[in-house]
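Q: If it helps, the file is called input_6.txt and holds compact mmCIF, C-alpha atoms:
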# COMPACT_ATOMS: atom_id res chain seq x y z
CA MET N 13 18.94 -81.92 -49.25
CA THR N 14 18.61 -85.18 -51.15
CA THR N 15 20.52 -85.91 -54.33
CA ALA N 16 17.27 -85.81 -56.33
CA ARG N 17 16.43 -82.37 -54.99
CA THR N 18 19.97 -81.19 -55.65
CA TYR N 19 20.00 -82.25 -59.29
CA TYR N 20 16.35 -81.76 -60.22
CA PRO N 21 16.74 -78.01 -60.91
CA TRP N 22 19.55 -78.78 -63.33
CA LEU N 23 17.43 -81.48 -64.99
CA VAL N 24 14.81 -78.80 -65.61
CA VAL N 25 17.54 -76.51 -66.99
CA ALA N 26 18.69 -79.27 -69.37
CA LEU N 27 15.15 -79.79 -70.67
CA LEU N 28 14.59 -76.05 -71.04
CA ILE N 29 17.82 -75.83 -73.04
CA LEU N 30 16.45 -78.46 -75.45
CA LEU N 31 13.17 -76.57 -75.75
CA TYR N 32 14.91 -73.23 -76.29
CA THR N 33 17.22 -74.84 -78.85
CA SER N 34 14.22 -76.21 -80.72
CA SER N 35 12.53 -72.81 -80.70
CA PHE N 36 15.61 -71.04 -82.06
CA ILE N 37 16.10 -73.61 -84.78
CA ASP N 38 12.52 -72.96 -85.85
CA ARG N 39 12.82 -69.16 -85.82
CA SER N 40 16.41 -68.89 -87.15
CA ILE N 41 16.20 -71.19 -90.15
CA PHE N 42 14.86 -68.36 -92.30
CA GLY N 43 18.32 -66.82 -92.59
CA LEU N 44 19.45 -69.57 -94.98
CA LEU N 45 16.32 -69.63 -97.10
CA VAL N 46 16.31 -66.11 -98.58
CA LYS N 47 17.18 -67.18 -102.11
CA PRO N 48 14.75 -70.11 -102.62
CA ILE N 49 11.81 -68.43 -100.84
CA ARG N 50 12.26 -65.17 -102.78
CA ALA N 51 12.51 -67.10 -106.04
CA ASP N 52 9.46 -69.32 -105.44
CA LEU N 53 7.19 -66.66 -103.94
CA GLN N 54 8.45 -63.78 -106.13
CA ILE N 55 9.01 -61.34 -103.26
CA THR N 56 11.49 -58.53 -102.50
CA ASP N 57 14.08 -58.32 -99.73
CA THR N 58 11.71 -56.14 -97.71
CA GLU N 59 8.81 -58.60 -98.10
CA TYR N 60 11.11 -61.47 -97.16
CA SER N 61 12.24 -59.59 -94.06
CA LEU N 62 8.60 -59.27 -92.98
CA LEU N 63 8.35 -63.07 -93.04
CA ALA N 64 11.66 -63.52 -91.23
CA GLY N 65 10.96 -60.95 -88.52
CA PHE N 66 7.66 -59.10 -88.30
CA ALA N 67 5.31 -62.04 -88.97
CA PHE N 68 6.87 -63.98 -86.10
CA ALA N 69 7.32 -61.02 -83.79
CA VAL N 70 3.88 -59.46 -84.02
CA MET N 71 2.00 -62.26 -82.23
CA TYR N 72 5.02 -63.35 -80.19
CA THR N 73 5.02 -59.93 -78.56
CA PHE N 74 1.33 -59.21 -78.16
CA SER N 75 0.47 -62.70 -76.91
CA ALA N 76 3.34 -62.52 -74.43
CA ILE N 77 1.46 -60.02 -72.22
CA PRO N 78 -1.55 -62.22 -71.35
CA LEU N 79 0.73 -65.25 -71.26
CA GLY N 80 2.89 -63.45 -68.69
CA TYR N 81 -0.16 -63.15 -66.44
CA LEU N 82 -0.79 -66.89 -66.84
CA VAL N 83 2.83 -67.55 -65.90
CA ASP N 84 2.36 -65.67 -62.63
CA ASN N 85 -0.99 -67.27 -61.85
CA GLY N 86 -1.29 -70.56 -63.73
CA SER N 87 0.53 -73.78 -64.57
CA ARG N 88 3.94 -73.05 -66.03
CA ARG N 89 4.39 -76.69 -67.00
CA MET N 90 1.19 -76.69 -69.07
CA LEU N 91 2.09 -73.42 -70.77
CA ILE N 92 5.49 -74.71 -71.81
CA ALA N 93 4.19 -78.06 -73.08
CA VAL N 94 1.28 -76.61 -75.05
CA GLY N 95 3.42 -73.79 -76.43
CA CYS N 96 6.08 -76.21 -77.68
CA ALA N 97 3.44 -78.32 -79.42
CA VAL N 98 1.95 -75.24 -81.10
CA TRP N 99 5.21 -73.80 -82.42
CA SER N 100 6.32 -77.23 -83.69
CA ILE N 101 3.11 -77.80 -85.62
CA MET N 102 3.14 -74.28 -87.04
CA THR N 103 6.77 -74.66 -88.15
CA ALA N 104 5.81 -77.82 -90.05
CA LEU N 105 2.90 -75.91 -91.61
CA CYS N 106 5.41 -73.36 -92.94
CA GLY N 107 6.56 -76.24 -95.13
CA MET N 108 3.13 -76.50 -96.67
CA ALA N 109 2.77 -72.79 -97.48
CA ASN N 110 2.75 -71.84 -101.16
CA SER N 111 2.18 -68.07 -100.98
CA PHE N 112 3.34 -65.01 -99.07
CA GLY N 113 0.04 -64.90 -97.16
CA THR N 114 -0.01 -68.54 -96.03
CA LEU N 115 3.65 -68.47 -95.02
CA PHE N 116 3.05 -65.21 -93.10
CA ALA N 117 0.12 -66.82 -91.24
CA ALA N 118 2.17 -69.89 -90.32
CA ARG N 119 4.99 -67.70 -89.01
CA VAL N 120 2.46 -65.83 -86.87
CA GLY N 121 1.47 -69.19 -85.36
CA VAL N 122 5.09 -70.02 -84.58
CA GLY N 123 5.34 -66.73 -82.70
CA ILE N 124 2.26 -67.46 -80.58
CA GLY N 125 3.65 -70.84 -79.53
CA GLU N 126 7.13 -69.60 -78.70
CA ALA N 127 5.80 -66.70 -76.62
CA THR N 128 5.00 -69.17 -73.84
CA LEU N 129 8.50 -70.47 -73.23
CA SER N 130 10.81 -67.78 -71.90
CA PRO N 131 8.47 -66.02 -69.41
CA ALA N 132 7.61 -69.42 -67.91
CA ALA N 133 11.26 -70.53 -67.94
CA TYR N 134 12.51 -67.34 -66.27
CA SER N 135 9.86 -67.68 -63.56
CA LEU N 136 10.61 -71.37 -62.96
CA LEU N 137 14.37 -70.88 -62.70
CA SER N 138 13.96 -67.89 -60.37
CA ASP N 139 12.08 -70.17 -57.97
CA LEU N 140 14.50 -73.08 -58.37
CA PHE N 141 17.84 -71.24 -57.87
CA PRO N 142 19.21 -68.78 -55.26
CA LYS N 143 20.26 -65.33 -56.46
CA GLU N 144 24.00 -66.14 -56.45
CA LYS N 145 23.40 -68.99 -58.94
CA LEU N 146 20.61 -67.51 -61.04
CA ALA N 147 22.82 -65.85 -63.68
CA ARG N 148 24.57 -69.18 -64.19
CA ALA N 149 21.28 -71.07 -64.53
CA LEU N 150 19.89 -68.52 -66.99
CA ALA N 151 23.17 -68.56 -68.92
CA PHE N 152 22.81 -72.33 -69.30
CA TYR N 153 19.21 -71.83 -70.44
CA SER N 154 20.45 -69.22 -72.92
CA LEU N 155 22.62 -71.90 -74.54
CA GLY N 156 19.51 -72.58 -76.59
CA ILE N 157 20.19 -69.38 -78.54
CA PRO N 158 23.67 -70.12 -79.96
CA VAL N 159 23.06 -73.86 -80.17
CA GLY N 160 19.66 -73.48 -81.83
CA SER N 161 20.79 -70.73 -84.17
CA GLY N 162 23.99 -72.62 -85.00
CA LEU N 163 22.19 -75.90 -85.69
CA ALA N 164 19.62 -74.07 -87.82
CA LEU N 165 22.38 -72.66 -89.99
CA VAL N 166 24.46 -75.84 -90.18
CA ILE N 167 21.61 -78.32 -90.59
CA GLY N 168 19.41 -76.02 -92.63
CA GLY N 169 22.01 -75.38 -95.31
CA SER N 170 22.81 -79.08 -95.61
CA VAL N 171 19.13 -80.02 -95.78
CA VAL N 172 18.47 -77.45 -98.51
CA ASP N 173 21.40 -78.72 -100.57
CA TYR N 174 20.52 -82.39 -99.96
CA PHE N 175 16.83 -82.21 -100.80
CA GLY N 176 17.65 -80.04 -103.78
CA SER N 177 19.14 -83.13 -105.40
CA VAL N 178 17.12 -85.85 -103.60
CA PRO N 179 13.46 -84.73 -103.43
CA LEU N 180 11.39 -86.02 -100.50
CA THR N 181 7.91 -87.42 -101.13
CA LEU N 182 5.52 -87.32 -98.16
CA PRO N 183 2.07 -88.93 -97.71
CA PHE N 184 -0.85 -86.48 -98.29
CA ILE N 185 1.66 -83.70 -99.08
CA GLY N 186 3.44 -84.85 -102.21
CA THR N 187 6.93 -83.61 -103.04
CA PRO N 188 7.62 -80.28 -101.30
CA LYS N 189 10.32 -77.93 -102.47
CA PRO N 190 13.66 -78.17 -100.59
CA TRP N 191 12.98 -75.09 -98.47
CA GLN N 192 9.54 -76.45 -97.54
CA THR N 193 11.09 -79.77 -96.57
CA VAL N 194 13.39 -77.97 -94.14
CA PHE N 195 10.44 -76.63 -92.14
CA ILE N 196 8.72 -80.02 -92.01
CA VAL N 197 11.88 -81.86 -90.94
CA ILE N 198 12.75 -79.46 -88.12
CA GLY N 199 9.18 -78.83 -86.93
CA LEU N 200 7.62 -82.19 -86.13
CA PRO N 201 10.27 -83.53 -83.65
CA GLY N 202 9.27 -80.72 -81.28
CA LEU N 203 6.13 -82.68 -80.39
CA VAL N 204 8.31 -85.17 -78.52
CA LEU N 205 9.86 -82.33 -76.51
CA ALA N 206 6.37 -81.05 -75.66
CA ALA N 207 5.49 -84.43 -74.16
CA LEU N 208 8.75 -84.54 -72.18
CA ALA N 209 8.07 -81.06 -70.79
CA TYR N 210 4.67 -82.13 -69.52
CA VAL N 211 6.08 -85.25 -67.85
CA ILE N 212 9.30 -83.86 -66.31
CA ILE N 213 8.56 -80.27 -65.26
CA LYS N 214 6.88 -79.71 -61.89
CA ASP N 215 5.93 -76.23 -60.71
CA PRO N 216 8.05 -75.33 -57.66
CA PRO N 217 6.42 -73.45 -54.74
CA ARG N 218 5.98 -69.75 -55.39
CA HIS N 219 7.18 -67.27 -52.80
CA GLY N 220 6.14 -63.67 -52.57
CA ALA N 221 4.26 -61.01 -50.70
CA THR N 222 1.00 -61.95 -48.97
CA ASP N 223 -2.18 -60.00 -48.34
CA ALA N 224 -3.90 -59.44 -44.99
CA ALA N 225 -5.47 -62.92 -45.12
CA GLY N 226 -2.10 -64.58 -45.72
CA ASN N 227 -2.77 -65.37 -49.37
CA LEU N 228 -0.14 -64.79 -52.00
CA GLU N 229 -0.75 -61.54 -53.83
CA ARG N 230 -1.64 -61.78 -57.50
CA PRO N 231 -0.69 -58.42 -59.03
CA ASN N 232 -2.48 -57.51 -62.25
CA LEU N 233 -0.87 -55.88 -65.26
CA LEU N 234 -1.72 -52.37 -64.05
CA THR N 235 0.09 -52.99 -60.75
CA VAL N 236 3.09 -54.36 -62.64
CA LEU N 237 3.16 -51.36 -64.97
CA ARG N 238 3.07 -49.00 -61.99
CA TYR N 239 6.08 -50.76 -60.46
CA VAL N 240 7.98 -50.69 -63.76
CA PHE N 241 7.17 -47.01 -64.24
CA LYS N 242 8.34 -46.21 -60.71
CA HIS N 243 11.71 -47.77 -61.58
CA HIS N 244 11.61 -46.84 -65.26
CA GLY N 245 15.22 -45.62 -65.32
CA PHE N 246 16.51 -49.12 -64.66
CA TYR N 247 14.01 -51.03 -66.78
CA VAL N 248 14.20 -48.69 -69.79
CA SER N 249 18.01 -48.76 -69.74
CA VAL N 250 18.50 -52.53 -69.44
CA ILE N 251 15.56 -53.61 -71.58
CA GLY N 252 16.43 -50.93 -74.13
CA ALA N 253 20.03 -52.16 -74.40
CA VAL N 254 18.96 -55.79 -74.86
CA THR N 255 16.31 -54.72 -77.37
CA LEU N 256 18.82 -52.85 -79.51
CA ASN N 257 21.21 -55.78 -79.36
CA GLY N 258 18.34 -57.99 -80.52
CA LEU N 259 17.53 -55.59 -83.35
CA PHE N 260 21.04 -55.92 -84.70
CA CYS N 261 21.62 -59.61 -84.00
CA TYR N 262 18.29 -60.80 -85.39
CA GLY N 263 18.90 -58.68 -88.46
CA ALA N 264 22.44 -59.99 -88.82
CA SER N 265 21.24 -63.59 -88.45
CA ALA N 266 18.79 -63.03 -91.29
CA TRP N 267 21.17 -61.23 -93.66
CA ILE N 268 24.80 -62.30 -93.05
CA PRO N 269 24.24 -65.67 -94.81
CA SER N 270 22.79 -63.75 -97.75
CA TYR N 271 25.76 -61.36 -97.65
CA LEU N 272 28.15 -64.30 -97.92
CA GLN N 273 26.15 -65.81 -100.78
CA ARG N 274 25.78 -62.58 -102.76
CA VAL N 275 29.18 -60.98 -102.26
CA TYR N 276 31.45 -64.02 -102.03
CA ASP N 277 29.34 -66.61 -103.89
CA PHE N 278 29.04 -69.03 -100.96
CA SER N 279 26.52 -71.87 -101.28
CA ALA N 280 23.71 -72.15 -98.71
CA SER N 281 25.56 -74.88 -96.82
CA GLU N 282 28.86 -72.94 -96.87
CA ALA N 283 27.20 -69.79 -95.56
CA GLY N 284 25.48 -71.89 -92.90
CA LEU N 285 28.79 -73.34 -91.76
CA VAL N 286 30.46 -69.92 -91.54
CA MET N 287 27.66 -68.62 -89.31
CA GLY N 288 26.61 -71.85 -87.61
CA ILE N 289 29.87 -73.49 -86.55
CA PRO N 290 31.13 -70.41 -84.64
CA LEU N 291 27.79 -70.15 -82.84
CA LEU N 292 28.15 -73.76 -81.74
CA VAL N 293 31.89 -73.80 -81.02
CA LEU N 294 32.31 -70.26 -79.62
CA GLY N 295 28.74 -69.47 -78.58
CA VAL N 296 28.57 -72.20 -75.95
CA PRO N 297 31.67 -71.06 -73.99
CA GLY N 298 30.68 -67.44 -74.61
CA THR N 299 27.28 -68.07 -73.03
CA LEU N 300 28.58 -70.02 -70.05
CA LEU N 301 31.38 -67.55 -69.40
CA SER N 302 28.92 -64.65 -69.20
CA GLY N 303 26.92 -66.32 -66.43
CA PHE N 304 29.97 -67.46 -64.46
CA MET N 305 31.54 -64.01 -64.72
CA ALA N 306 28.40 -62.27 -63.43
CA ASP N 307 27.91 -64.68 -60.52
CA ARG N 308 31.58 -64.59 -59.56
CA LEU N 309 31.78 -60.79 -59.63
CA LEU N 310 28.55 -60.53 -57.61
CA ILE N 311 29.89 -62.89 -54.94
CA ARG N 312 33.06 -60.77 -54.76
CA GLY N 313 31.03 -57.66 -54.02
CA HIS N 314 30.79 -56.01 -57.44
CA LYS N 315 27.22 -54.72 -57.18
CA ASN N 316 26.84 -53.93 -60.89
CA ALA N 317 28.42 -57.19 -62.04
CA HIS N 318 25.61 -58.04 -64.46
CA LEU N 319 25.82 -54.64 -66.13
CA TRP N 320 29.61 -54.66 -66.63
CA VAL N 321 29.53 -58.16 -68.13
CA SER N 322 26.76 -57.00 -70.48
CA ILE N 323 28.80 -53.97 -71.58
CA PHE N 324 31.78 -56.22 -72.38
CA TYR N 325 29.67 -58.46 -74.60
CA LEU N 326 27.87 -55.55 -76.29
CA SER N 327 31.26 -54.13 -77.23
CA GLY N 328 32.19 -57.44 -78.86
CA VAL N 329 28.96 -57.42 -80.87
CA LEU N 330 29.75 -53.91 -82.10
CA ILE N 331 33.32 -54.66 -83.13
CA PHE N 332 32.94 -58.08 -84.74
CA GLY N 333 29.29 -58.16 -85.78
CA ALA N 334 28.70 -54.67 -87.13
CA LEU N 335 32.10 -54.26 -88.76
CA GLY N 336 32.54 -57.79 -90.13
CA PRO N 337 30.46 -57.30 -93.30
CA ILE N 338 32.46 -54.22 -94.38
CA MET N 339 35.94 -55.65 -93.95
CA PRO N 340 38.03 -55.15 -97.13
CA THR N 341 38.83 -58.82 -97.81
CA GLN N 342 36.89 -62.07 -97.70
CA GLU N 343 39.33 -63.59 -95.21
CA LEU N 344 39.07 -60.70 -92.76
CA SER N 345 35.30 -60.50 -93.10
CA VAL N 346 34.87 -64.19 -92.40
CA ALA N 347 37.26 -63.95 -89.42
CA PHE N 348 35.18 -61.15 -87.87
CA ILE N 349 31.94 -63.04 -88.50
CA VAL N 350 33.43 -66.13 -86.86
CA ALA N 351 34.47 -64.12 -83.79
CA PHE N 352 30.97 -62.60 -83.69
CA GLY N 353 29.71 -66.06 -82.73
CA PHE N 354 31.26 -65.68 -79.26
CA PHE N 355 29.28 -62.50 -78.50
CA MET N 356 26.12 -62.65 -80.61
CA PHE N 357 23.26 -63.68 -78.27
CA THR N 358 25.46 -65.35 -75.69
CA TRP N 359 25.18 -62.82 -72.86
CA THR N 360 21.42 -62.27 -72.68
CA GLY N 361 21.00 -64.55 -69.66
CA VAL N 362 22.94 -62.00 -67.59
CA PRO N 363 20.62 -58.97 -67.99
CA THR N 364 17.68 -61.37 -67.72
CA ALA N 365 19.03 -62.49 -64.34
CA VAL N 366 19.37 -58.97 -62.97
CA ILE N 367 15.84 -58.13 -64.14
CA GLN N 368 14.54 -61.19 -62.30
CA LEU N 369 16.49 -60.33 -59.16
CA VAL N 370 15.23 -56.75 -58.87
CA THR N 371 11.61 -57.65 -59.72
CA PRO N 372 9.18 -58.84 -57.00
CA VAL N 373 8.61 -62.59 -57.25
CA ARG N 374 4.93 -62.40 -58.13
CA MET N 375 5.58 -59.93 -60.95
CA ARG N 376 8.36 -61.79 -62.72
CA GLY N 377 6.25 -63.50 -65.37
CA GLN N 378 4.57 -60.27 -66.44
CA VAL N 379 7.79 -58.23 -66.32
CA SER N 380 9.48 -60.96 -68.37
CA ALA N 381 6.64 -60.69 -70.87
CA LEU N 382 7.14 -56.92 -71.11
CA TYR N 383 10.87 -57.50 -71.57
CA LEU N 384 10.28 -60.02 -74.35
CA PHE N 385 7.60 -57.77 -75.85
CA SER N 386 10.20 -55.05 -76.38
CA VAL N 387 13.03 -57.34 -77.49
CA SER N 388 10.83 -59.16 -79.99
CA LEU N 389 8.60 -56.39 -81.35
CA ILE N 390 11.47 -53.95 -81.84
CA GLY N 391 14.40 -56.35 -82.10
CA LEU N 392 13.04 -59.19 -84.19
CA GLY N 393 10.23 -57.17 -85.72
CA ILE N 394 12.39 -54.30 -86.97
CA GLY N 395 15.93 -55.70 -87.24
CA PRO N 396 15.64 -57.83 -90.41
CA THR N 397 13.29 -55.29 -92.00
CA ALA N 398 15.59 -52.33 -91.27
CA MET N 399 18.48 -54.05 -93.05
CA GLY N 400 16.33 -55.25 -95.93
CA ALA N 401 14.82 -51.79 -96.39
CA ALA N 402 18.27 -50.13 -96.29
CA THR N 403 19.37 -52.44 -99.09
CA ASP N 404 16.22 -51.84 -101.16
CA PHE N 405 15.66 -48.11 -100.64
CA LEU N 406 18.92 -46.53 -99.40
CA PHE N 407 21.65 -48.35 -101.32
CA ARG N 408 19.34 -49.71 -104.06
CA ASP N 409 21.69 -52.60 -104.70
CA GLU N 410 21.34 -56.12 -103.34
CA MET N 411 25.14 -56.43 -103.35
CA ALA N 412 25.26 -53.67 -100.71
CA VAL N 413 23.65 -55.85 -98.05
CA GLY N 414 26.92 -55.80 -96.06
CA LYS N 415 26.76 -52.01 -95.85
CA SER N 416 23.17 -52.23 -94.63
CA ILE N 417 24.18 -54.63 -91.85
CA ALA N 418 27.05 -52.37 -90.78
CA LEU N 419 25.03 -49.15 -90.89
CA VAL N 420 22.24 -50.49 -88.70
CA GLY N 421 24.75 -52.26 -86.44
CA VAL N 422 26.94 -49.28 -85.59
CA ILE N 423 23.96 -47.03 -84.82
CA VAL N 424 22.10 -49.45 -82.56
CA MET N 425 25.09 -51.06 -80.80
CA VAL N 426 26.67 -47.76 -79.76
CA SER N 427 23.26 -46.80 -78.36
CA ALA N 428 22.95 -50.15 -76.56
CA ILE N 429 26.32 -49.75 -74.84
CA TRP N 430 25.36 -46.25 -73.67
CA LEU N 431 22.04 -47.49 -72.24
CA MET N 432 23.65 -50.35 -70.32
CA TYR N 433 26.28 -47.98 -68.91
CA ARG N 434 23.49 -45.57 -67.94
CA ALA N 435 21.70 -48.36 -66.02
CA ARG N 436 24.46 -48.30 -63.37
CA LYS N 437 23.14 -45.15 -61.72
CA TYR N 438 19.76 -46.80 -61.13
CA LEU N 439 21.29 -49.69 -59.14
CA PRO N 440 23.37 -47.84 -56.53
CA ASP N 441 22.83 -50.66 -54.01
CA GLY N 442 23.48 -53.48 -56.44
CA LEU N 443 20.16 -55.31 -56.65
CA THR N 444 17.88 -52.59 -55.26
CA PRO N 445 16.50 -50.39 -58.04
CA ARG N 446 16.22 -46.66 -57.42
CA ALA N 447 13.17 -44.79 -58.65
Could you render the structure from this file as structure tokens?

A:
Amino acid sequence: MTTARTYYPWLVVALLILLYTSSFIDRSIFGLLVKPIRADLQITDTEYSLLAGFAFAVMYTFSAIPLGYLVDNGSRRMLIAVGCAVWSIMTALCGMANSFGTLFAARVGVGIGEATLSPAAYSLLSDLFPKEKLARALAFYSLGIPVGSGLALVIGGSVVDYFGSVPLTLPFIGTPKPWQTVFIVIGLPGLVLAALAYVIIKDPPRHGATDAAGNLERPNLLTVLRYVFKHHGFYVSVIGAVTLNGLFCYGASAWIPSYLQRVYDFSASEAGLVMGIPLLVLGVPGTLLSGFMADRLLIRGHKNAHLWVSIFYLSGVLIFGALGPIMPTQELSVAFIVAFGFFMFTWTGVPTAVIQLVTPVRMRGQVSALYLFSVSLIGLGIGPTAMGAATDFLFRDEMAVGKSIALVGVIVMVSAIWLMYRARKYLPDGLTPRA
């Protein structure tokens, strides 16, 4: 194997990390903008949560299904490049919105663009890496989550504070408000990444089952659904656990900065640093460790390695994420929130890897789309709204946002741990699912 062939897969991983980072910056920046968006648009916590979660998730999830079919049967490079261009433009358009409706529509567009990336990336990496290295590769790809979320919080807070005192005037646009400027500044650079994706990524050969004529089979969605239903015990358990983790973590990302601002009077930039720096400093090793642990345990013969690593990380999310906002002192609460950065989204490459490994090659794009459909529609779509609604309608006090985060967190994370533990009985032979 030549040096170029040896390192090319990792070059693709590096580019996909940049793309994933860009996408998470675009989707995560909302967590720091609660106060100015609510003030300018005159909306409630629940309405804001619809912008932060549901508006993005609704088209992200429903467009993922047909896009998954295109991943299995079309050009993955083209899907990634076009998708990146779309979500970048739509993020910039969020900065030109001046009403709830226009901002909602722009967020829907961001969701459509971002729905292309992960199914195509999972499929690409599954063809580029052998099974004993796949968890590691997907863990590296998953670095985009903590890095993107962390940068969104760190950069976003600073940009809001900066442009609050130094307004930016743009041609044809005028002088946008500070929160609008944030979307414009972080959105447009993604067009450069879209061009790089088109130039660098090449579709590797696909391998899979063939029909009687020797042609690669092209299973349709009905065939994929039949396979998933046959092995529903495994898929429901693993996808359900990741979905519940997403419900809590997306909700926490949206509301912990607001918790720090409301309860402890942090500024936007201070709240961003408390959430963002741990995601960058602790999230990177947390992500890489999850992949290395899963691959190492698998090589040593631990057939359920991916599931045990997932359970460990889910437990960390429960302890530090769900309980952090109800700690009795500011110092203890901040310490728990900081530790949460190690566990937050850092382990999701591991269950993604085991899903890829147990799924037939020619079904991976569509199964990935179903996986992301659940994680996004339920996780991102419901998580921020559940916490916002608990604050508005259960506690009826915006200062109780920490209790809302904890209440939702304990319920869903205990359930997630149980589901991942339950998944063990459906993989008795390690990577062979049992019906």

Q: Closest to Tyr134 in chain N among N:Leu28, N:Val250, N:Ile311, N:Leu165, using all atoms listed in the file?

A: N:Leu28

Q: Quick check, in Å to one decimal: how far apart do CA of Ala401 in chain N and CA of Leu63 in chain N lie?

A: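 About the pair CA of Ala401 in chain N and CA of Leu63 in chain N: they are 13.4 Å apart.
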
Q: Counting only C-alpha atoms, find residues at most 9 Å from (18.7, -62.2, -69.7) (file frame) and give them as a list in words.

A: Tyr134, Ala147, Leu150, Ala151, Ser154, Val254, Trp359, Thr360, Gly361, Val362, Pro363, Thr364, Ala365, Val366, Ile367 and Gln368 of chain N

Q: What is the CA of Cys106 in chain N to CA of Ala118 in chain N distance in Å?

A: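 Computed distance, CA of Cys106 in chain N to CA of Ala118 in chain N, equals 5.4 Å.
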
Q: Which of these, N:Gln378, N:Ser249, N:Ser35, N:Ser138, has the shortest distance to Leu319 in chain N once you count only C-alpha atoms?

A: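 Using only C-alpha atoms, Leu319 in chain N sits closest to N:Ser249.
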
Q: At most 10 Å is the cut-off: for each residue in range 230-307 of chain N with any atom that close to an atom of range 420-430 of chain N, write down the nearest atom pair and the distance in Å rounded to one decimal, counting all atoms listed in the file, chain first then increasing number, as a tab-separated table.

A:
residue	atom	partner	partner_atom	distance
N:Ser249	CA	N:Ala428	CA	8.5
N:Val250	CA	N:Ala428	CA	8.7
N:Ile251	CA	N:Ala428	CA	9.6
N:Gly252	CA	N:Ala428	CA	7.0
N:Ala253	CA	N:Ala428	CA	4.2
N:Val254	CA	N:Ala428	CA	7.1
N:Thr255	CA	N:Ala428	CA	8.1
N:Leu256	CA	N:Val424	CA	5.6
N:Asn257	CA	N:Met425	CA	6.3
N:Gly258	CA	N:Val424	CA	9.6
N:Leu259	CA	N:Val424	CA	7.7
N:Phe260	CA	N:Gly421	CA	5.5
N:Cys261	CA	N:Gly421	CA	8.4
N:Gly263	CA	N:Val420	CA	8.8
N:Ala264	CA	N:Gly421	CA	8.4

Q: For CA of Gly202 in chain N and CA of Arg89 in chain N, determine how far apart the two atoms are, in Å to one decimal place.

A: 15.6 Å
